[in-house]
Amino acid sequence: MRADVVIVGGGPAGCLAGGILAKRGFDVVVVEEHGEAGNPACCAGIVGVGGFKELGIKPGSWVLGKLRRAVIYPPSNEPVELTREKIEAFVINRAEFDRFLAREAARAGATFLLKNRCVDVKIGRDSVVKIRGTHAGEINARLVIGADGPSSIVARKAGLIKSERYLKCAQIEVIAEARADAAEVYLGRSFAPGFFGWLVQAGDVCRVGLGATEGNPIQLLHSFFKKHPVISKKVEKVRTFDICAGLIPEAFSRKFHANGVLLVGDAAGHVKPLTGGGIYLGLSCAKFAAEAAARGLEAESNGKTLRIYDQMVRERFGREFELGVRARRIFELMSDEDLNTILGALRKDNVRKLVLEKFDFDHHGGLIRALTTELPGLLRELGVKRVMKYMRGLIKVK
Ligand SMILES: Cc1cc2nc3c(=O)[nH]c(=O)nc-3n(C[C@H](O)[C@H](O)[C@H](O)COP(=O)(O)OP(=O)(O)OC[C@H]3O[C@@H](n4cnc5c(N)ncnc54)[C@H](O)[C@@H]3O)c2cc1C
């Protein structure tokens with residue numbers, strides 16, 4: 001078999017890139033190991049309204065809820081609520097959303113090889129993707145796009161993984177007491193070390209999940225919904241015992257291209273550093289990848305593809321990634337006591353006003369900059385010794 005572009009992975013990033021390239025007239029094959037796009041899906045499904053508007057994606061039947069509030073529980077469990085007038089985010093049905101993008105790609109002319117797993121990739125002038133499944137064999141391609149998620153075989157075979165830093169996540173669907181327009185965020189090292197837990201309503205169930213930089217996420221999740229003083233009271237019953245677990249790569253932990261290969265989505269580490277959200281960022285960069293690939297293939301220049309993709313991603317998100325990764329490292333080092341101090345500051349009118357003014361669901365750089373330049377007193381509240389500890393952590397960021 002031969003194709004202009006072989007895309008490994010039929011998740012959102014792979015489907016979007018595939019659809020754009022097929023529409024431009026290229027022969028596109030999407031290799032997906034599962035029997036349908038979006039199944040299984042392990043995701044809270046929270047996406048920014050602004051980001052989807054920017055991507056030109058109109059909300060469809062896959063929207064399960066609309067959010068305009070965040071309720072943050074610091075380790076002290078004294079909640080802080082931030083509310084906006086307008087809807088900030090959608091809660092989506094990931095399986096349905098992924099299928100919607102897959103259908104769009106297929107309609108544009110992309111060929112889907114479902115139930116086919118990529119088991120090897122040889123990258124070169126004429127790359128070869130080896131698959132096992134209903135179409136077992138080899139596909140020759142002018143360009144390979146790795147859209148195969150955090151454990152990407154394409155990234156591994158092309159030698160593009162710089163560090164193996166992941167957030168380990170787990171989630172379960174429950175019947176719980178929750179407000180339909182609020183996402184709840186829970187911080188505390190004892191149950192979500194290095195990250196946070198969440199509760200959000202999604203249609204007639206709630207999703208309770210957490211991420212952590214250490215420990216077993218499934219065990220942590222069990223103790224979160226059974227023992228956490230707030231969550232354990234809200235969860236009425238567990239609807240399924242179908243706990244899902246997944247990895248989120250650290251933003252910027254991979255190179256995202258090499259001669260003959262582009263990475264998109266989680267495979268590329270294109271996730272928001274602070275929240276791990278990868279749908280908007282993955283789709284945005286997948287769009288850039290498709291545009292760069294189309295221009296490079298038309299000019300028969302691999303170099304052009306790489307240059308354009310690199311430039312587009314760095315121009316749009318480079319600074320955002322840099323600031324976000326630094327802020328995230330500080331956050332990971334913070335003790336519960338310091339999280340209480342920092343989040344407690346959200347009760348002050350000036351801090352709250354600034355956060356509400358600067359917060360953008362999909363781009364966190366503006367808020368990080370505003371907090372560090374306009375409110376240096378916030379860090380001073382932690383005391384010199386602790387600030388020094390965090391600064392040392394920052395210096396270690398490569
Ligand atoms: C618990 C959890 C909650 C999350 N919540 C949010 C959230 O609220 N908002 C948000 O924006 N993001 C969230 N994320 C992140 C989000 O799920 C990912 O960023 C997103 O799925 C990335 O899309 P993708 O297309 O890059 O990869 P994926 O969705 O992982 O798709 C990759 C596809 O590749 C296929 N594949 C993998 N290997 C192979 C192979 N060898 N051969 C063939 N096919 C292969 C897989 O089957 C899969 O279909 C969450 C993640 C987790 C784990």
# chains A, B, ... in the order shown; residues from 1 in each chain; ligands from 1
call {"tool": "select_by_dssp", "arguments": {"residues": "region 45-151 of chain A", "states": "helix (DSSP H, G or I)", "output": "ChimeraX atom specification"}}
result
/A:49-55,94-108
call {"tool": "residues_near_ligand", "arguments": {"ligand": "ligand 1", "cutoff": "7 Å", "atoms": "only C-alpha atoms and all ligand atoms", "output": "PyMOL selection string"}}
result
chain A and resi 8-14+31-34+37-38+42-47+116-119+147-153+169-171+209-210+245-248+264-267+271+276-280+282
call {"tool": "atom_distance", "arguments": {"atom1": "CA of Arg69 (chain A)", "atom2": "CA of Thr275 (chain A)"}}
result
16.0 Å
call {"tool": "select_by_dssp", "arguments": {"residues": "region 134-367 of chain A", "states": "strand (DSSP E)", "output": "count of residues only"}}
result
55
call {"tool": "atom_distance", "arguments": {"atom1": "CA of Gly296 (chain A)", "atom2": "CA of Ile57 (chain A)"}}
result
25.6 Å
call {"tool": "closest_residue", "arguments": {"among": "A:Gly137, A:Pro273, A:Gly109, A:Pro217", "to": "Arg2 (chain A)", "atoms": "only C-alpha atoms"}}
result
A:Gly137
call {"tool": "atom_distance", "arguments": {"atom1": "CA of Ala192 (chain A)", "atom2": "CA of Glu177 (chain A)"}}
result
21.0 Å
call {"tool": "residues_around", "arguments": {"residues": "region 313-320 of chain A", "least_positions_apart": "3", "cutoff": "8 Å", "atoms": "only C-alpha atoms", "output": "MDAnalysis selection string"}}
result
chainID A and resid 285 288 309:310 323:324 363:365
call {"tool": "write_last_selection", "arguments": {"atoms": "N, CA and C atoms", "output": "CSV table (one decimal), in the first residue's frame"}}
result
chain,number,residue,atom,x,y,z
A,285,CYS,N,-2.3,22.7,17.0
A,285,CYS,CA,-1.0,22.4,16.4
A,285,CYS,C,-1.2,21.4,15.3
A,288,PHE,N,-1.7,23.3,12.3
A,288,PHE,CA,-0.4,23.9,11.8
A,288,PHE,C,0.3,22.7,11.0
A,309,TYR,N,6.2,24.1,10.2
A,309,TYR,CA,5.5,23.6,11.4
A,309,TYR,C,6.2,24.1,12.6
A,310,ASP,N,7.5,24.1,12.6
A,310,ASP,CA,8.2,24.6,13.8
A,310,ASP,C,7.9,26.0,14.1
A,323,LEU,N,6.5,29.7,29.8
A,323,LEU,CA,6.0,30.2,31.1
A,323,LEU,C,5.2,29.2,31.9
A,324,GLY,N,4.4,28.4,31.1
A,324,GLY,CA,3.6,27.4,31.8
A,324,GLY,C,4.4,26.3,32.5
A,363,HIS,N,-5.3,30.0,27.3
A,363,HIS,CA,-3.9,30.6,27.2
A,363,HIS,C,-3.6,31.1,28.6
A,364,HIS,N,-2.7,30.5,29.3
A,364,HIS,CA,-2.4,30.9,30.7
A,364,HIS,C,-1.3,31.9,30.9
A,365,GLY,N,-0.5,32.1,29.8
A,365,GLY,CA,0.6,33.0,29.9
A,365,GLY,C,0.3,34.4,30.4
call {"tool": "residues_around", "arguments": {"residues": "Ile72 (chain A)", "least_positions_apart": "4", "cutoff": "9 Å", "atoms": "only C-alpha atoms", "output": "list in words"}}
result
Asn77, Glu78, Pro79, Val80, Glu81, Leu82, Ala183, Glu184, Val185, Tyr186, Leu187 and Leu343 of chain A
call {"tool": "residues_around", "arguments": {"residues": "Phe359 (chain A)", "least_positions_apart": "6", "cutoff": "12 Å", "atoms": "only C-alpha atoms", "output": "ChimeraX atom specification"}}
result
/A:48,50,70,82-84,88,351-353,365-371
call {"tool": "closest_atom_pairs", "arguments": {"of": "region 134-234 of chain A", "to": "region 333-336 of chain A", "cutoff": "12 Å", "atoms": "only C-alpha atoms", "output": "Markdown table"}}
result
| residue | atom | partner | partner_atom | distance |
| --- | --- | --- | --- | --- |
| A:Tyr186 | CA | A:Asp336 | CA | 11.5 |
| A:Leu187 | CA | A:Asp336 | CA | 8.1 |
| A:Gly188 | CA | A:Asp336 | CA | 5.9 |
| A:Arg189 | CA | A:Asp336 | CA | 6.4 |
| A:Ser190 | CA | A:Asp336 | CA | 8.8 |
| A:Phe191 | CA | A:Asp336 | CA | 11.2 |
| A:Ala192 | CA | A:Asp336 | CA | 11.0 |
| A:Pro193 | CA | A:Leu333 | CA | 9.5 |
| A:Gly194 | CA | A:Leu333 | CA | 7.3 |
| A:Phe195 | CA | A:Leu333 | CA | 10.3 |
| A:Phe196 | CA | A:Asp336 | CA | 11.8 |
| A:Thr213 | CA | A:Leu333 | CA | 11.0 |
call {"tool": "residues_around", "arguments": {"residues": "Ala105 (chain A)", "least_positions_apart": "3", "cutoff": "6 Å", "atoms": "only C-alpha atoms", "output": "PyMOL selection string"}}
result
chain A and resi 15+18-19+102+108+110
call {"tool": "write_last_selection", "arguments": {"atoms": "N, CA and C atoms", "output": "PDB file, in the first residue's frame"}}
result
ATOM      1  N   CYS A  15      -7.329  12.920  13.477  1.00  0.00           N
ATOM      2  CA  CYS A  15      -8.493  13.091  12.595  1.00  0.00           C
ATOM      3  C   CYS A  15      -8.509  14.493  11.987  1.00  0.00           C
ATOM      4  N   GLY A  18      -5.803  14.744   9.407  1.00  0.00           N
ATOM      5  CA  GLY A  18      -6.172  13.889   8.269  1.00  0.00           C
ATOM      6  C   GLY A  18      -7.228  14.538   7.394  1.00  0.00           C
ATOM      7  N   GLY A  19      -8.235  15.135   8.039  1.00  0.00           N
ATOM      8  CA  GLY A  19      -9.321  15.776   7.291  1.00  0.00           C
ATOM      9  C   GLY A  19      -8.808  16.944   6.463  1.00  0.00           C
ATOM     10  N   ALA A 102     -13.706  12.172  13.176  1.00  0.00           N
ATOM     11  CA  ALA A 102     -13.346  11.059  12.290  1.00  0.00           C
ATOM     12  C   ALA A 102     -14.265  11.056  11.060  1.00  0.00           C
ATOM     13  N   ALA A 108     -13.997  13.924   3.971  1.00  0.00           N
ATOM     14  CA  ALA A 108     -13.050  14.687   3.137  1.00  0.00           C
ATOM     15  C   ALA A 108     -12.204  13.755   2.257  1.00  0.00           C
ATOM     16  N   ALA A 110     -10.251  10.859   3.679  1.00  0.00           N
ATOM     17  CA  ALA A 110      -9.214  10.062   4.363  1.00  0.00           C
ATOM     18  C   ALA A 110      -9.690   8.613   4.502  1.00  0.00           C
TER      19      ALA A 110
END
call {"tool": "residues_around", "arguments": {"residues": "Met1 (chain A)", "least_positions_apart": "5", "cutoff": "8 Å", "atoms": "only C-alpha atoms", "output": "number ranges by chain"}}
result
A: 138-140
call {"tool": "write_last_selection", "arguments": {"atoms": "N, CA and C atoms", "output": "mmCIF file, in the first residue's frame"}}
result
data_model
loop_
_atom_site.group_PDB
_atom_site.id
_atom_site.type_symbol
_atom_site.label_atom_id
_atom_site.label_comp_id
_atom_site.auth_asym_id
_atom_site.auth_seq_id
_atom_site.Cartn_x
_atom_site.Cartn_y
_atom_site.Cartn_z
ATOM 1 N N GLU A 138 2.653 -3.493 5.140
ATOM 2 C CA GLU A 138 3.443 -2.246 5.205
ATOM 3 C C GLU A 138 2.801 -1.169 4.338
ATOM 4 N N ILE A 139 2.882 0.066 4.802
ATOM 5 C CA ILE A 139 2.391 1.189 3.985
ATOM 6 C C ILE A 139 3.572 2.130 3.755
ATOM 7 N N ASN A 140 3.821 2.436 2.502
ATOM 8 C CA ASN A 140 4.876 3.416 2.187
ATOM 9 C C ASN A 140 4.254 4.805 2.183
#
call {"tool": "closest_residue", "arguments": {"among": "A:Arg254, A:Arg326, A:Lys237, A:Lys168", "to": "Thr372 (chain A)", "atoms": "only C-alpha atoms"}}
result
A:Arg326
